[in-house]
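Visitor: This structure is in structure tokens; I'll ask about it shortly.
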Amino acid sequence: MSDLPRRAVTRSAKLATLPLGFAGRAALGLGKRIGGKSAEIVAQEVQQRTAEQVFKVLGELKGGAMKVGQALSIFEAALPQEIAGPYRATLTKLQDSAPPLPVATVHKVLTEQLGDDWRDHFLSFDDKPTAAASIGQVHRAVWRDGREVAVKIQYPGAGKALLGDFSQLARLGKMFGALLPGLDMKSLLNELRERIAEELDYLSEAEAQHAFALEFDGDPDFHVPDVVAANEMVLVTEWMDGTPLSRIITGGTQEQRDRAGLLFVRFLFCSPARVGMLHADPHPGNFRMLDNGKLGVLDFGAVNRMPDGYPKVFGQLMRIFNEGDMDTVMAGLRREGFIREDVDIDPDALRAFLAPYVEPTAVEEFTFSRAWLQTQAASVADLRPTNVVRQLNLPPSYVLIHRVHAAGIGVLCQLGTTARFRDEVIRWVPGFADDPDDKPLPIS
């Protein structure tokens, strides 16, 4: 795998350029302060150059480094477009251009995982992959009972490369603190490492996908292909045709966009209540609109296990935000760990940051659009120390929830969906509906 540098020395050397580069820029900044530049301007320049190098190095590496980059990308609104734009483009290129494994390597993995007689499991097997991603690729085949199946094969060495990055990145907490001083980077890295370990375990993925398939079997809105067979590095599931959500985004009618967006939101909100899990990779490539009008869902490698559904405080704070009580919202966020004890945040800046997440729930019907999202993001797009995004923390238990909601809003804006999203929140998110027996959240 030419695009997945696995040698520890090579990867460590790339990651090591981060703190050394930051130290050099800090020294340069000190010199400029002595020369008369204000501390705030110097700090902003150092932060911007640090961000440029952070995202450049993370983007060059697949594996854990890229996963951390993706996690940090939820804070892109705090970065200037000249930094965030090329960074997003780099990640997209990496995700879309993973070269396929040689056929001999594919056969070797299948032999190691399924035995010398692996071909006996299939009536046919297409050696050319239908899709390739950062840790594996998918082949189309026909199972021995005649069912069309998707065979997901993990790249040899991908796990070691992914997890190895985290031991390196864990040493860079101070540098990330310069970019996002409100963020508990150590906790974030620990949470991401655990989630990546799960994503590498195809048996765990098979368990999650089977649970979703059982729950949504015969459902009028959703279809999840069931698992046929699985072990640690090979996952065989039922094949599913359909129109990728990405194609609805580029060429769908408004009716198709509205239907797809509503089902997309319904699936994300209802799953914790119905399955006890949240699909944590809401990429358009993981969703299909089927000919029967259902939304088909793929790839359950990243899930957030939520046996009790959405936390009730989540719905309560959204409702209280819509009522305009920012004091209670801030107190609730501080208690949940989103605002650290030593950080003071401007209520108006916080309201502007939260608006994209909550505003669609304040009205009966809402239209998502790129223009609306750009307007929202512009209110927090700077690198000053007072920027609210840089002051917020992301508690480990909310890492995947936040990732899903941030990415989900992006997908909805690409679709340009108009729908009754508030109804879905009322139905599936505890605490959002105004319950007269519900005790108000304390301010302190």
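By convention in this document, the chains of the structure tokens carry letters A, B, ... by their order, each chain's residues are numbered from 1, and ligands are numbered from 1 in the order they are shown.
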Within 12 Å of segment 360-369 of chain A, counting only C-alpha atoms, which residues show up once you throw out same-chain ones fewer than 6 positions away? Write them as number ranges by chain, please.
Guide: A: 249, 254, 257-258, 261-262, 265, 315, 317-324, 354, 375-376, 408-427, 429, 432-433
Visitor: The selected residues should be written to file as a tab-separated table (two decimals), in the first residue's frame (atoms: N, CA and C atoms).
Guide:
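Output file selection15.tsv follows:
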chain	number	residue	atom	x	y	z
A	249	ILE	N	-27.47	14.31	-4.40
A	249	ILE	CA	-26.95	15.65	-4.14
A	249	ILE	C	-26.66	16.38	-5.45
A	254	GLN	N	-36.01	18.05	-6.43
A	254	GLN	CA	-36.25	18.58	-5.09
A	254	GLN	C	-37.03	17.59	-4.24
A	257	ARG	N	-34.59	15.09	-3.00
A	257	ARG	CA	-33.73	15.69	-1.98
A	257	ARG	C	-34.45	15.81	-0.65
A	258	ASP	N	-35.71	16.22	-0.70
A	258	ASP	CA	-36.49	16.38	0.53
A	258	ASP	C	-36.71	15.02	1.20
A	261	GLY	N	-33.28	13.68	2.62
A	261	GLY	CA	-32.84	14.41	3.81
A	261	GLY	C	-33.67	14.08	5.03
A	262	LEU	N	-34.99	13.96	4.85
A	262	LEU	CA	-35.84	13.63	5.99
A	262	LEU	C	-35.53	12.24	6.52
A	265	VAL	N	-32.18	12.20	8.44
A	265	VAL	CA	-32.31	12.72	9.81
A	265	VAL	C	-33.06	11.73	10.69
A	315	GLY	N	-31.60	16.94	24.71
A	315	GLY	CA	-32.87	17.51	24.26
A	315	GLY	C	-33.28	18.71	25.09
A	317	LEU	N	-31.39	20.94	26.61
A	317	LEU	CA	-30.62	22.14	26.29
A	317	LEU	C	-31.04	22.72	24.94
A	318	MET	N	-31.40	21.86	23.99
A	318	MET	CA	-31.90	22.37	22.71
A	318	MET	C	-33.20	23.15	22.92
A	319	ARG	N	-34.09	22.59	23.72
A	319	ARG	CA	-35.37	23.27	23.98
A	319	ARG	C	-35.14	24.60	24.69
A	320	ILE	N	-34.28	24.61	25.70
A	320	ILE	CA	-34.01	25.83	26.47
A	320	ILE	C	-33.32	26.87	25.59
A	321	PHE	N	-32.45	26.43	24.68
A	321	PHE	CA	-31.82	27.36	23.73
A	321	PHE	C	-32.89	28.05	22.90
A	322	ASN	N	-33.86	27.28	22.40
A	322	ASN	CA	-34.93	27.86	21.58
A	322	ASN	C	-35.79	28.82	22.38
A	323	GLU	N	-35.85	28.63	23.70
A	323	GLU	CA	-36.62	29.53	24.57
A	323	GLU	C	-35.84	30.80	24.88
A	324	GLY	N	-34.55	30.84	24.53
A	324	GLY	CA	-33.74	32.04	24.69
A	324	GLY	C	-33.03	32.18	26.02
A	354	LEU	N	-23.91	27.76	18.26
A	354	LEU	CA	-24.87	26.67	18.42
A	354	LEU	C	-26.04	26.74	17.44
A	375	THR	N	-23.28	31.38	6.10
A	375	THR	CA	-23.60	32.54	6.94
A	375	THR	C	-23.36	32.21	8.41
A	376	GLN	N	-23.79	31.01	8.82
A	376	GLN	CA	-23.59	30.59	10.20
A	376	GLN	C	-22.10	30.47	10.53
A	408	GLY	N	-23.66	15.61	9.52
A	408	GLY	CA	-25.04	15.50	9.04
A	408	GLY	C	-25.59	16.81	8.52
A	409	ILE	N	-25.29	17.90	9.21
A	409	ILE	CA	-25.73	19.21	8.76
A	409	ILE	C	-25.11	19.54	7.40
A	410	GLY	N	-23.84	19.16	7.24
A	410	GLY	CA	-23.19	19.38	5.95
A	410	GLY	C	-23.89	18.64	4.82
A	411	VAL	N	-24.27	17.38	5.07
A	411	VAL	CA	-24.96	16.58	4.05
A	411	VAL	C	-26.32	17.20	3.73
A	412	LEU	N	-27.05	17.63	4.75
A	412	LEU	CA	-28.37	18.24	4.53
A	412	LEU	C	-28.26	19.52	3.72
A	413	CYS	N	-27.20	20.29	3.97
A	413	CYS	CA	-27.02	21.53	3.21
A	413	CYS	C	-26.63	21.23	1.76
A	414	GLN	N	-25.90	20.15	1.55
A	414	GLN	CA	-25.60	19.74	0.18
A	414	GLN	C	-26.88	19.31	-0.55
A	415	LEU	N	-27.74	18.62	0.17
A	415	LEU	CA	-29.01	18.19	-0.41
A	415	LEU	C	-29.97	19.35	-0.64
A	416	GLY	N	-29.88	20.38	0.19
A	416	GLY	CA	-30.83	21.49	0.11
A	416	GLY	C	-32.23	21.05	0.49
A	417	THR	N	-32.31	20.22	1.54
A	417	THR	CA	-33.57	19.60	1.95
A	417	THR	C	-34.48	20.59	2.68
A	418	THR	N	-35.77	20.54	2.35
A	418	THR	CA	-36.81	21.21	3.13
A	418	THR	C	-37.70	20.13	3.74
A	419	ALA	N	-37.86	20.14	5.06
A	419	ALA	CA	-38.67	19.10	5.70
A	419	ALA	C	-39.01	19.50	7.14
A	420	ARG	N	-39.85	18.69	7.78
A	420	ARG	CA	-40.29	18.94	9.15
A	420	ARG	C	-39.34	18.22	10.11
A	421	PHE	N	-38.17	18.79	10.29
A	421	PHE	CA	-37.15	18.15	11.13
A	421	PHE	C	-37.52	18.21	12.61
A	422	ARG	N	-38.23	19.26	13.00
A	422	ARG	CA	-38.62	19.41	14.41
A	422	ARG	C	-39.42	18.20	14.88
A	423	ASP	N	-40.29	17.68	13.99
A	423	ASP	CA	-41.10	16.53	14.37
A	423	ASP	C	-40.24	15.33	14.75
A	424	GLU	N	-39.12	15.15	14.04
A	424	GLU	CA	-38.24	14.00	14.32
A	424	GLU	C	-37.57	14.16	15.68
A	425	VAL	N	-37.19	15.39	16.02
A	425	VAL	CA	-36.54	15.64	17.31
A	425	VAL	C	-37.54	15.43	18.44
A	426	ILE	N	-38.76	15.93	18.26
A	426	ILE	CA	-39.80	15.73	19.28
A	426	ILE	C	-40.03	14.24	19.52
A	427	ARG	N	-40.06	13.47	18.45
A	427	ARG	CA	-40.39	12.05	18.57
A	427	ARG	C	-39.25	11.24	19.18
A	429	VAL	N	-35.89	12.46	20.50
A	429	VAL	CA	-34.87	12.99	21.42
A	429	VAL	C	-35.51	13.31	22.77
A	432	PHE	N	-36.64	17.07	24.73
A	432	PHE	CA	-36.88	18.21	23.85
A	432	PHE	C	-38.33	18.71	23.95
A	433	ALA	N	-39.29	17.78	23.99
A	433	ALA	CA	-40.69	18.19	24.12
A	433	ALA	C	-40.90	18.84	25.48
Visitor: Do a neighbour search on Val236 of chain A at 8 Å with only C-alpha atoms, toss out local chain neighbours closer than 4 positions, and write the hits as a ChimeraX atom specification.
Guide: /A:149-152,227-230
Visitor: Keeping only all heavy atoms, write the selected residues to a file as a short mmCIF file (atom, residue, chain, number, x, y, z; two decimals), in the first residue's frame.
Guide:
data_model
loop_
_atom_site.label_atom_id
_atom_site.label_comp_id
_atom_site.auth_asym_id
_atom_site.auth_seq_id
_atom_site.Cartn_x
_atom_site.Cartn_y
_atom_site.Cartn_z
N VAL A 149 -23.33 -10.74 -2.66
CA VAL A 149 -22.76 -10.24 -1.41
C VAL A 149 -21.67 -9.22 -1.67
O VAL A 149 -21.09 -9.15 -2.76
CB VAL A 149 -22.19 -11.40 -0.55
CG1 VAL A 149 -23.29 -12.33 -0.07
CG2 VAL A 149 -21.12 -12.18 -1.32
N ALA A 150 -21.40 -8.42 -0.64
CA ALA A 150 -20.26 -7.50 -0.62
C ALA A 150 -19.23 -8.09 0.34
O ALA A 150 -19.56 -8.45 1.47
CB ALA A 150 -20.71 -6.13 -0.13
N VAL A 151 -17.99 -8.20 -0.13
CA VAL A 151 -16.90 -8.78 0.68
C VAL A 151 -15.91 -7.66 1.02
O VAL A 151 -15.21 -7.15 0.15
CB VAL A 151 -16.18 -9.92 -0.07
CG1 VAL A 151 -15.13 -10.57 0.82
CG2 VAL A 151 -17.19 -10.96 -0.56
N LYS A 152 -15.89 -7.29 2.28
CA LYS A 152 -15.03 -6.21 2.76
C LYS A 152 -13.74 -6.80 3.32
O LYS A 152 -13.79 -7.65 4.23
CB LYS A 152 -15.77 -5.40 3.83
CG LYS A 152 -15.08 -4.14 4.30
CD LYS A 152 -16.04 -3.39 5.24
CE LYS A 152 -15.43 -2.13 5.81
NZ LYS A 152 -16.38 -1.43 6.71
N VAL A 227 -25.68 -9.39 7.76
CA VAL A 227 -24.36 -10.02 7.72
C VAL A 227 -24.51 -11.48 7.31
O VAL A 227 -25.39 -12.19 7.80
CB VAL A 227 -23.67 -9.91 9.10
CG1 VAL A 227 -22.35 -10.66 9.10
CG2 VAL A 227 -23.48 -8.45 9.48
N VAL A 228 -23.62 -11.92 6.41
CA VAL A 228 -23.61 -13.31 5.95
C VAL A 228 -22.52 -14.10 6.68
O VAL A 228 -22.74 -15.22 7.13
CB VAL A 228 -23.41 -13.38 4.42
CG1 VAL A 228 -23.27 -14.83 3.95
CG2 VAL A 228 -24.56 -12.69 3.70
N ALA A 229 -21.35 -13.50 6.81
CA ALA A 229 -20.23 -14.15 7.50
C ALA A 229 -19.23 -13.07 7.89
O ALA A 229 -19.18 -12.00 7.30
CB ALA A 229 -19.57 -15.20 6.60
N ALA A 230 -18.41 -13.37 8.91
CA ALA A 230 -17.43 -12.37 9.35
C ALA A 230 -16.33 -13.02 10.18
O ALA A 230 -16.55 -14.03 10.85
CB ALA A 230 -18.11 -11.28 10.19
#
Visitor: If you run DSSP on this backbone, which residues of segment 151-399 of chain A come out as alpha helix (DSSP H), and could you give them as a PyMOL selection string?
Guide: chain A and resi 158-169+173-179+185-200+202-215+245-251+254-275+312-323+326-336+347-358+370-378+388-391+399
Visitor: Leaving out segment 238-245 of chain A and any residue of its chain fewer than 3 positions from it, which residues lie within 6 Å of it when counting only C-alpha atoms, given as a PyMOL selection string?
Guide: chain A and resi 148-150+225-226+248+284+287-290
Visitor: Any chance you could export the current selection's N, CA and C atoms as a CSV table (one decimal), in the first residue's frame?
Guide:
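Once written, again-v8.csv looks like this:
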chain,number,residue,atom,x,y,z
A,148,GLU,N,-26.2,-12.4,-3.8
A,148,GLU,CA,-25.1,-11.5,-4.1
A,148,GLU,C,-24.7,-10.8,-2.8
A,149,VAL,N,-23.3,-10.7,-2.7
A,149,VAL,CA,-22.8,-10.2,-1.4
A,149,VAL,C,-21.7,-9.2,-1.7
A,150,ALA,N,-21.4,-8.4,-0.6
A,150,ALA,CA,-20.3,-7.5,-0.6
A,150,ALA,C,-19.2,-8.1,0.3
A,225,PRO,N,-28.5,-4.1,4.9
A,225,PRO,CA,-28.1,-5.4,4.5
A,225,PRO,C,-27.6,-6.2,5.7
A,226,ASP,N,-28.0,-7.5,5.8
A,226,ASP,CA,-27.6,-8.3,6.9
A,226,ASP,C,-26.3,-8.9,6.7
A,248,ILE,N,-27.9,11.9,-5.6
A,248,ILE,CA,-29.0,12.7,-5.3
A,248,ILE,C,-28.6,14.1,-5.1
A,284,PRO,N,-22.1,10.6,2.6
A,284,PRO,CA,-23.1,10.3,1.6
A,284,PRO,C,-22.8,9.0,0.9
A,287,PHE,N,-24.9,5.8,2.2
A,287,PHE,CA,-26.4,5.8,2.1
A,287,PHE,C,-26.8,5.7,0.6
A,288,ARG,N,-27.9,5.0,0.4
A,288,ARG,CA,-28.5,4.7,-0.9
A,288,ARG,C,-30.0,5.0,-0.8
A,289,MET,N,-30.6,5.6,-1.9
A,289,MET,CA,-32.0,5.6,-2.0
A,289,MET,C,-32.4,4.5,-2.9
A,290,LEU,N,-33.2,3.6,-2.4
A,290,LEU,CA,-33.7,2.4,-3.1
A,290,LEU,C,-34.9,2.6,-3.9
Visitor: Could you write out, as a compact mmCIF listing (two decimals) with N, CA and C atoms, in the first residue's frame, all the residues of segment 225-312 of chain A that DSSP marks as strand (DSSP E)?
Guide:
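Contents of states11.txt, as written:
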# COMPACT_ATOMS: atom_id res chain seq x y z
N VAL A 227 -25.68 -9.39 7.76
CA VAL A 227 -24.36 -10.02 7.72
C VAL A 227 -24.51 -11.48 7.31
N VAL A 228 -23.62 -11.92 6.41
CA VAL A 228 -23.61 -13.31 5.95
C VAL A 228 -22.52 -14.10 6.68
N ALA A 229 -21.35 -13.50 6.81
CA ALA A 229 -20.23 -14.15 7.50
C ALA A 229 -19.23 -13.07 7.89
N ALA A 230 -18.41 -13.37 8.91
CA ALA A 230 -17.43 -12.37 9.35
C ALA A 230 -16.33 -13.02 10.18
N VAL A 234 -12.25 -9.92 7.47
CA VAL A 234 -13.13 -10.08 6.31
C VAL A 234 -14.58 -10.04 6.79
N LEU A 235 -15.39 -9.22 6.11
CA LEU A 235 -16.80 -9.09 6.45
C LEU A 235 -17.63 -9.28 5.18
N VAL A 236 -18.53 -10.26 5.20
CA VAL A 236 -19.39 -10.56 4.06
C VAL A 236 -20.82 -10.18 4.42
N THR A 237 -21.42 -9.29 3.63
CA THR A 237 -22.80 -8.85 3.88
C THR A 237 -23.61 -8.95 2.59
N GLU A 238 -24.92 -8.91 2.73
CA GLU A 238 -25.78 -8.90 1.56
C GLU A 238 -25.48 -7.68 0.70
N THR A 243 -29.42 4.19 -5.48
CA THR A 243 -28.80 5.44 -5.93
C THR A 243 -28.04 6.08 -4.77
N PRO A 244 -26.70 6.21 -4.89
CA PRO A 244 -25.94 6.83 -3.79
C PRO A 244 -26.46 8.23 -3.47
N MET A 277 -27.72 2.31 19.34
CA MET A 277 -26.47 2.71 18.69
C MET A 277 -26.74 3.85 17.71
N LEU A 278 -25.72 4.69 17.50
CA LEU A 278 -25.78 5.78 16.53
C LEU A 278 -24.77 5.49 15.43
N HIS A 279 -25.22 5.47 14.18
CA HIS A 279 -24.30 5.33 13.04
C HIS A 279 -23.40 6.56 13.04
N PHE A 287 -24.92 5.84 2.16
CA PHE A 287 -26.38 5.83 2.08
C PHE A 287 -26.83 5.70 0.63
N ARG A 288 -27.92 4.96 0.43
CA ARG A 288 -28.49 4.74 -0.90
C ARG A 288 -30.01 4.97 -0.84
N MET A 289 -30.56 5.58 -1.87
CA MET A 289 -32.00 5.63 -2.02
C MET A 289 -32.41 4.45 -2.89
N LEU A 295 -34.46 4.29 2.49
CA LEU A 295 -33.07 4.70 2.60
C LEU A 295 -32.25 3.48 3.03
N GLY A 296 -31.30 3.09 2.19
CA GLY A 296 -30.41 1.98 2.52
C GLY A 296 -29.16 2.50 3.20
N VAL A 297 -28.68 1.78 4.21
CA VAL A 297 -27.55 2.25 5.01
C VAL A 297 -26.45 1.20 5.03
N VAL A 303 -19.65 3.12 15.18
CA VAL A 303 -20.94 3.35 15.82
C VAL A 303 -20.70 3.86 17.24
N ASN A 304 -21.63 4.65 17.71
CA ASN A 304 -21.58 5.12 19.09
C ASN A 304 -22.62 4.32 19.87
N ARG A 305 -22.18 3.51 20.81
CA ARG A 305 -23.11 2.66 21.56
C ARG A 305 -23.81 3.51 22.62
